[in-house]
>>> print(open('coords_10.cif').read())   # mmCIF, C-alpha atoms
data_query
#
loop_
_atom_site.label_atom_id
_atom_site.label_comp_id
_atom_site.auth_asym_id
_atom_site.auth_seq_id
_atom_site.Cartn_x
_atom_site.Cartn_y
_atom_site.Cartn_z
CA MET A 127 75.84 -93.55 127.26
CA GLU A 128 72.94 -91.71 128.87
CA LEU A 129 70.42 -89.39 127.23
CA LEU A 130 70.40 -86.25 129.37
CA HIS A 131 68.08 -84.06 127.37
CA SER A 132 66.19 -84.05 124.09
CA GLY A 133 65.73 -80.48 122.95
CA LYS A 134 63.90 -78.88 120.07
CA VAL A 135 66.78 -79.65 117.71
CA ARG A 136 69.62 -81.32 119.66
CA ASP A 137 69.89 -84.41 121.82
CA VAL A 138 72.45 -84.33 124.62
CA TYR A 139 74.13 -87.52 125.85
CA ALA A 140 76.57 -88.12 128.70
CA ASP A 141 79.54 -90.31 127.78
CA GLY A 142 81.81 -90.53 130.82
CA ASP A 143 83.10 -87.05 131.55
CA ASP A 144 82.18 -85.85 128.06
CA ILE A 145 78.99 -84.66 126.40
CA LEU A 146 77.81 -85.79 122.98
CA LEU A 147 75.78 -83.11 121.22
CA VAL A 148 73.72 -84.58 118.38
CA ALA A 149 71.94 -82.25 115.95
CA SER A 150 68.77 -83.71 114.44
CA ASP A 151 66.89 -82.61 111.32
CA ARG A 152 64.03 -81.33 113.48
CA VAL A 153 63.05 -77.71 113.01
CA SER A 154 61.28 -75.45 115.47
CA ILE A 155 59.65 -72.06 115.14
CA TYR A 156 58.03 -70.10 117.97
CA ASP A 157 59.31 -72.82 120.36
CA VAL A 158 57.22 -75.50 118.61
CA VAL A 159 58.87 -78.45 116.84
CA LEU A 160 57.20 -78.95 113.49
CA PRO A 161 56.37 -82.52 112.44
CA THR A 162 58.31 -82.34 109.15
CA PRO A 163 62.13 -82.57 109.25
CA ILE A 164 64.48 -80.62 106.97
CA PRO A 165 66.86 -83.14 105.35
CA ASP A 166 70.57 -82.61 106.22
CA LYS A 167 69.76 -79.72 108.55
CA GLY A 168 71.50 -81.25 111.58
CA LYS A 169 74.65 -82.03 109.64
CA ILE A 170 74.76 -78.54 108.12
CA LEU A 171 74.37 -76.90 111.54
CA THR A 172 77.10 -79.11 113.00
CA GLN A 173 79.59 -78.67 110.17
CA LEU A 174 79.02 -74.92 109.94
CA SER A 175 79.45 -74.51 113.70
CA LEU A 176 82.71 -76.49 113.57
CA TRP A 177 83.94 -74.17 110.78
CA TRP A 178 83.04 -71.10 112.83
CA PHE A 179 84.64 -72.46 116.00
CA GLU A 180 87.92 -72.56 114.06
CA GLN A 181 87.46 -69.02 112.72
CA LEU A 182 86.76 -67.71 116.23
CA ALA A 183 89.36 -69.70 118.16
CA ASP A 184 91.42 -66.60 118.94
CA VAL A 185 88.31 -64.71 120.09
CA VAL A 186 86.94 -67.23 122.58
CA PRO A 187 87.74 -70.90 123.39
CA HIS A 188 85.05 -73.46 122.62
CA HIS A 189 83.72 -76.69 124.05
CA VAL A 190 84.52 -79.08 121.17
CA ILE A 191 86.80 -82.01 121.97
CA SER A 192 86.33 -84.02 118.76
CA ALA A 193 84.10 -84.09 115.70
CA THR A 194 85.21 -87.63 114.76
CA ASP A 195 85.22 -89.53 118.06
CA VAL A 196 81.47 -90.11 117.91
CA PRO A 197 79.25 -93.15 117.19
CA ALA A 198 79.18 -93.99 113.47
CA GLU A 199 75.42 -93.52 113.18
CA TRP A 200 75.83 -89.86 114.20
CA ALA A 201 78.81 -89.10 112.00
CA GLY A 202 78.67 -85.58 110.64
CA ARG A 203 75.94 -84.43 113.02
CA ALA A 204 77.52 -85.03 116.44
CA VAL A 205 80.40 -83.53 118.39
CA ARG A 206 82.13 -84.65 121.55
CA CYS A 207 82.27 -81.71 123.95
CA GLU A 208 83.41 -80.61 127.37
CA ARG A 209 80.80 -80.29 130.07
CA LEU A 210 80.23 -76.60 130.67
CA GLU A 211 78.51 -74.88 133.54
CA MET A 212 76.23 -72.82 131.32
CA VAL A 213 75.53 -69.17 132.09
CA MET A 214 71.78 -68.69 132.26
CA VAL A 215 71.80 -65.75 129.85
CA GLU A 216 71.12 -65.88 126.12
CA CYS A 217 73.84 -63.66 124.66
CA ILE A 218 72.48 -61.78 121.64
CA THR A 219 74.04 -59.11 119.46
CA ARG A 220 72.08 -57.05 116.94
CA GLY A 221 73.62 -55.06 114.13
CA PHE A 222 70.37 -54.44 112.23
CA LEU A 223 66.78 -53.85 113.28
CA ALA A 224 64.57 -56.91 112.80
CA GLY A 225 62.36 -59.38 114.63
CA SER A 226 61.62 -58.79 118.29
CA GLY A 227 64.21 -55.99 118.35
CA LEU A 228 62.17 -54.09 115.77
CA LYS A 229 58.97 -54.57 117.80
CA ASP A 230 60.66 -53.34 120.98
CA TYR A 231 62.09 -50.31 119.18
CA GLN A 232 58.71 -49.42 117.68
CA LYS A 233 57.20 -49.63 121.15
CA ASP A 234 59.63 -47.49 123.17
CA GLY A 235 62.65 -46.58 121.03
CA ALA A 236 64.96 -49.03 122.78
CA VAL A 237 65.99 -52.71 122.71
CA SER A 238 66.81 -54.43 126.01
CA GLY A 239 67.20 -51.04 127.61
CA VAL A 240 69.56 -49.76 124.91
CA ALA A 241 68.18 -46.50 123.51
CA LEU A 242 68.41 -46.14 119.72
CA PRO A 243 68.12 -43.07 117.47
CA PRO A 244 64.67 -42.10 116.18
CA GLY A 245 63.66 -42.76 112.60
CA LEU A 246 64.99 -46.29 112.21
CA ILE A 247 62.93 -48.69 110.09
CA GLU A 248 62.78 -52.44 109.51
CA GLY A 249 66.16 -53.61 108.24
CA SER A 250 68.04 -50.47 109.31
CA ARG A 251 71.70 -50.89 110.16
CA LEU A 252 72.26 -49.78 113.76
CA PRO A 253 74.85 -47.07 114.49
CA GLU A 254 76.88 -49.82 116.16
CA PRO A 255 76.13 -53.42 117.20
CA ILE A 256 74.34 -53.70 120.55
CA PHE A 257 74.26 -56.40 123.24
CA THR A 258 70.63 -57.38 123.86
CA PRO A 259 70.58 -60.37 126.21
CA SER A 260 67.59 -62.40 127.27
CA SER A 261 66.88 -64.79 130.11
CA LYS A 262 67.66 -68.45 129.53
CA VAL A 263 64.94 -70.67 130.92
CA ALA A 264 64.90 -74.42 131.35
CA PRO A 265 62.93 -76.44 128.76
CA GLY A 266 59.21 -76.35 129.43
CA GLU A 267 59.45 -73.43 131.85
CA GLY A 268 58.30 -70.66 129.55
CA HIS A 269 59.89 -68.32 127.03
CA ASP A 270 63.10 -66.33 127.14
CA GLU A 271 62.49 -62.72 128.17
CA PRO A 272 64.58 -59.64 127.26
CA MET A 273 67.04 -58.47 129.93
CA THR A 274 68.71 -55.12 130.44
CA TYR A 275 72.44 -55.07 131.02
CA ALA A 276 71.83 -54.05 134.63
CA GLU A 277 69.69 -57.17 135.07
CA VAL A 278 72.51 -59.32 133.68
CA GLU A 279 74.92 -57.74 136.16
CA ARG A 280 72.57 -58.54 139.01
CA ALA A 281 72.16 -62.12 137.77
CA VAL A 282 75.81 -63.06 137.17
CA GLY A 283 77.89 -60.23 138.63
CA ALA A 284 79.52 -57.22 137.01
CA GLU A 285 82.73 -59.00 135.96
CA VAL A 286 81.00 -61.92 134.23
CA ALA A 287 78.43 -59.60 132.64
CA ALA A 288 81.21 -57.50 131.13
CA GLU A 289 82.86 -60.60 129.68
CA LEU A 290 79.58 -61.88 128.24
CA ARG A 291 79.04 -58.57 126.48
CA ARG A 292 82.63 -58.30 125.25
CA ILE A 293 82.73 -61.83 123.84
CA THR A 294 79.29 -61.61 122.23
CA LEU A 295 80.06 -58.33 120.50
CA GLU A 296 83.45 -59.60 119.30
CA VAL A 297 81.95 -62.85 117.94
CA TYR A 298 79.45 -60.73 116.02
CA ARG A 299 82.13 -58.32 114.78
CA ARG A 300 84.44 -61.09 113.57
CA GLY A 301 81.57 -63.12 112.14
CA SER A 302 80.16 -60.13 110.27
CA GLU A 303 83.57 -59.31 108.83
CA ILE A 304 84.01 -62.86 107.53
CA ALA A 305 80.42 -63.17 106.26
CA ALA A 306 80.70 -59.88 104.36
CA ARG A 307 83.38 -61.44 102.16
CA SER A 308 80.72 -63.91 101.01
CA GLY A 309 78.05 -61.27 100.41
CA ILE A 310 76.14 -62.08 103.59
CA LEU A 311 74.93 -59.66 106.26
CA ILE A 312 74.44 -60.99 109.79
CA ALA A 313 71.50 -59.05 111.17
CA ASP A 314 71.75 -60.59 114.63
CA THR A 315 73.02 -63.69 116.35
CA LYS A 316 72.71 -65.61 119.61
CA ILE A 317 75.49 -67.49 121.38
CA GLU A 318 75.67 -69.52 124.57
CA LEU A 319 78.59 -69.43 126.98
CA GLY A 320 79.58 -71.58 129.93
CA PHE A 321 82.41 -72.08 132.39
CA SER A 322 85.05 -74.78 132.34
CA GLY A 323 87.90 -74.53 134.80
CA GLY A 324 86.96 -70.95 135.57
CA GLU A 325 87.15 -69.96 131.89
CA LEU A 326 84.23 -68.86 129.71
CA LYS A 327 83.87 -71.04 126.62
CA LEU A 328 81.57 -71.00 123.61
CA GLY A 329 79.04 -73.84 123.64
CA ASP A 330 76.10 -75.17 121.64
CA GLU A 331 76.17 -73.78 118.06
CA VAL A 332 77.54 -70.58 116.60
CA LEU A 333 76.56 -68.35 113.66
CA THR A 334 74.22 -70.86 112.03
CA PRO A 335 70.89 -70.29 110.21
CA ASP A 336 69.15 -71.47 113.40
CA SER A 337 70.92 -69.00 115.71
CA SER A 338 71.32 -66.00 113.39
CA ARG A 339 69.56 -63.89 110.80
CA PHE A 340 71.49 -64.01 107.54
CA TRP A 341 70.59 -61.64 104.70
CA ALA A 342 71.83 -61.45 101.12
CA ALA A 343 73.93 -58.25 101.12
CA ASP A 344 73.27 -57.37 97.49
CA GLU A 345 69.51 -57.45 98.11
CA TRP A 346 69.49 -55.59 101.44
CA GLN A 347 67.00 -52.74 101.36
CA PRO A 348 65.81 -51.16 104.63
CA GLY A 349 62.09 -50.64 104.87
CA GLY A 350 60.76 -54.15 104.51
CA THR A 351 61.38 -57.88 104.72
CA GLN A 352 64.82 -59.00 103.53
CA ARG A 353 65.70 -62.17 101.63
CA TYR A 354 66.38 -64.45 104.56
CA LEU A 355 68.97 -67.21 104.33
CA ASP A 356 67.85 -68.81 107.58
CA LYS A 357 64.80 -70.31 109.23
CA GLN A 358 62.97 -66.97 109.22
CA PHE A 359 61.77 -68.22 105.83
CA LEU A 360 59.73 -70.86 107.72
CA ARG A 361 58.31 -68.28 110.13
CA ASP A 362 57.15 -66.18 107.19
CA TRP A 363 55.56 -69.25 105.59
CA SER A 364 53.72 -70.13 108.81
CA ALA A 365 52.45 -66.56 109.18
CA LYS A 366 50.41 -67.05 106.01
CA SER A 367 48.56 -70.02 107.52
CA ASP A 368 45.91 -70.11 110.24
CA TRP A 369 48.28 -71.82 112.71
CA ASP A 370 48.03 -70.26 116.19
CA ARG A 371 51.71 -70.97 117.09
CA THR A 372 50.84 -73.66 119.61
CA ALA A 373 51.65 -77.39 119.43
CA PRO A 374 51.17 -79.38 117.36
CA GLY A 375 52.72 -77.45 114.51
CA PRO A 376 51.61 -77.85 110.89
CA GLU A 377 53.15 -80.19 108.35
CA ILE A 378 55.55 -78.37 106.04
CA PRO A 379 54.77 -78.71 102.30
CA GLU A 380 57.46 -80.40 100.22
CA GLU A 381 58.28 -77.25 98.24
CA VAL A 382 58.78 -75.28 101.47
CA VAL A 383 61.01 -78.05 102.86
CA GLU A 384 63.14 -77.92 99.72
CA ALA A 385 63.33 -74.11 99.75
CA THR A 386 64.32 -74.12 103.43
CA ARG A 387 67.02 -76.75 102.90
CA ALA A 388 68.33 -74.77 99.92
CA ARG A 389 68.84 -71.73 102.16
CA TYR A 390 70.82 -73.73 104.74
CA VAL A 391 72.98 -75.20 101.98
CA GLU A 392 73.49 -71.78 100.37
CA VAL A 393 74.70 -70.23 103.63
CA TYR A 394 77.07 -73.13 104.27
CA GLU A 395 78.55 -73.02 100.78
CA ARG A 396 78.87 -69.24 100.60
CA LEU A 397 80.52 -68.95 104.00
CA THR A 398 82.88 -71.93 103.87
CA GLY A 399 83.59 -71.93 100.14
CA ASP A 400 83.01 -75.72 100.13
CA ARG A 401 80.39 -77.61 98.16
CA TRP A 402 77.81 -79.32 100.40
CA ARG A 403 77.84 -83.06 99.85
#
>>> encode(input="coords_10.cif", output="structure tokens")
Amino acid sequence: MELLHSGKVRDVYADGDDILLVASDRVSIYDVVLPTPIPDKGKILTQLSLWWFEQLADVVPHHVISATDVPAEWAGRAVRCERLEMVMVECITRGFLAGSGLKDYQKDGAVSGVALPPGLIEGSRLPEPIFTPSSKVAPGEGHDEPMTYAEVERAVGAEVAAELRRITLEVYRRGSEIAARSGILIADTKIELGFSGGELKLGDEVLTPDSSRFWAADEWQPGGTQRYLDKQFLRDWSAKSDWDRTAPGPEIPEEVVEATRARYVEVYERLTGDRWR
């Protein structure tokens, strides 16, 4: 077994023709890995992604081969996957105005080249979900940058671009429909897609607190910060410190670690209906 890449959260190993994707308890914000882990985070991300892959199987095929045929020391946090030829586009859908999308809208009334109506505020539901891709850069080569749809077409071709947009919007639509039953709003989400045998497949993780903004539906109130059920809670905590968002990141206080873990557990339990053990 060969370590191919150690990312901010996941370690990627080659095992023959397969890939082993191992989710650690590391947590990153603003592309910096913080020195304090969040207990169980990797297992929660893995198990929640596996649950979502099943829910979305009729929307888009995925890369998972097995969640059990993995080394015992990684049980619960590793999956055996197909090797995909990843598309170098971060596929993002937004259904609400928040984060960088809010900043872009406030600047020029559009997000990734998609014009939006005037008068929207933080937390506003968009008239319809929008595809707002960004560039996907190799580790250590800078930050992802917003892309217009025309730029995606130039990068991957019109046919692939159309499929990326269709799949991303449908994953968001189905995910939002399912999450709503549990009283959760999905403000936005990011997925990654790659080719296997000429077919686009869902890779990495899907609809987790690391890749999505989850809000408590009964507390949603446009015009300010929502109650986040994802790692935005950590970003908000760091904003109150004097950290300049460069490495090394600050140690996370125990009470913030516990509050962050509680949000990951809450999302898992509310969505799946299972008790986290």
>>> closest_residue(input="coords_10.cif", among="A:Ala288, A:Lys316, A:Arg206, A:Ser192", to="A:Asp336", atoms="only C-alpha atoms")
A:Lys316
>>> closest_residue(input="coords_10.cif", among="A:Asp356, A:Glu208, A:Glu377, A:Asp137", to="A:Tyr390", atoms="all atoms listed in the file")
A:Asp356
>>> closest_atom_pairs(input="coords_10.cif", of="stretch 325-394 of chain A", to="stretch 292-307 of chain A", cutoff="10 Å", atoms="only C-alpha atoms", output="Markdown table")
| residue | atom | partner | partner_atom | distance |
| --- | --- | --- | --- | --- |
| A:Leu326 | CA | A:Ile293 | CA | 9.3 |
| A:Lys327 | CA | A:Ile293 | CA | 9.7 |
| A:Leu328 | CA | A:Ile293 | CA | 9.2 |
| A:Val332 | CA | A:Val297 | CA | 9.0 |
| A:Leu333 | CA | A:Gly301 | CA | 7.4 |
| A:Phe340 | CA | A:Ala305 | CA | 9.1 |
| A:Ala342 | CA | A:Ala306 | CA | 9.6 |
| A:Ala343 | CA | A:Ala306 | CA | 7.7 |
| A:Val393 | CA | A:Ala305 | CA | 9.5 |
>>> residues_around(input="coords_10.cif", residues="A:Trp369", least_positions_apart="6", cutoff="12 Å", atoms="all atoms listed in the file", output="PyMOL selection string")
chain A and resi 155-156+158+160+361-363+375-378
>>> atom_distance(input="coords_10.cif", atom1="atom CA of A:Glu199", atom2="atom CA of A:Val148")
10.5 Å
>>> resolve_selection(input="coords_10.cif", expression="the PyMOL selection byres ((chain A and resi 321) around 10)", output="list in words")
His189, Glu208, Arg209, Leu210, Glu211, Met212, Val213, Leu319, Gly320, Ser322, Gly323, Gly324, Glu325, Leu326, Lys327, Leu328 and Gly329 of chain A
>>> write_last_selection(input="coords_10.cif", atoms="C-alpha atoms", output="PDB file, keeping the file's coordinate frame")
ATOM      1  CA  HIS A 189      83.720 -76.690 124.050  1.00  0.00           C
ATOM      2  CA  GLU A 208      83.410 -80.610 127.370  1.00  0.00           C
ATOM      3  CA  ARG A 209      80.800 -80.290 130.070  1.00  0.00           C
ATOM      4  CA  LEU A 210      80.230 -76.600 130.670  1.00  0.00           C
ATOM      5  CA  GLU A 211      78.510 -74.880 133.540  1.00  0.00           C
ATOM      6  CA  MET A 212      76.230 -72.820 131.320  1.00  0.00           C
ATOM      7  CA  VAL A 213      75.530 -69.170 132.090  1.00  0.00           C
ATOM      8  CA  LEU A 319      78.590 -69.430 126.980  1.00  0.00           C
ATOM      9  CA  GLY A 320      79.580 -71.580 129.930  1.00  0.00           C
ATOM     10  CA  SER A 322      85.050 -74.780 132.340  1.00  0.00           C
ATOM     11  CA  GLY A 323      87.900 -74.530 134.800  1.00  0.00           C
ATOM     12  CA  GLY A 324      86.960 -70.950 135.570  1.00  0.00           C
ATOM     13  CA  GLU A 325      87.150 -69.960 131.890  1.00  0.00           C
ATOM     14  CA  LEU A 326      84.230 -68.860 129.710  1.00  0.00           C
ATOM     15  CA  LYS A 327      83.870 -71.040 126.620  1.00  0.00           C
ATOM     16  CA  LEU A 328      81.570 -71.000 123.610  1.00  0.00           C
ATOM     17  CA  GLY A 329      79.040 -73.840 123.640  1.00  0.00           C
TER      18      GLY A 329
END
>>> closest_residue(input="coords_10.cif", among="A:Ala284, A:Val135, A:Val159, A:Ala204", to="A:Arg371", atoms="only C-alpha atoms")
A:Val159
>>> axis_aligned_box(input="coords_10.cif", around="stretch 284-296 of chain A", padding_each_side="3 Å", output="JSON")
{"center_x": 80.9, "center_y": -59.6, "center_z": 128.2, "size_x": 11.0, "size_y": 10.7, "size_z": 23.7}
>>> atom_distance(input="coords_10.cif", atom1="atom CA of A:Arg403", atom2="atom CA of A:Ile164")
15.3 Å
>>> atom_distance(input="coords_10.cif", atom1="atom CA of A:Trp177", atom2="atom CA of A:Leu311")
17.7 Å
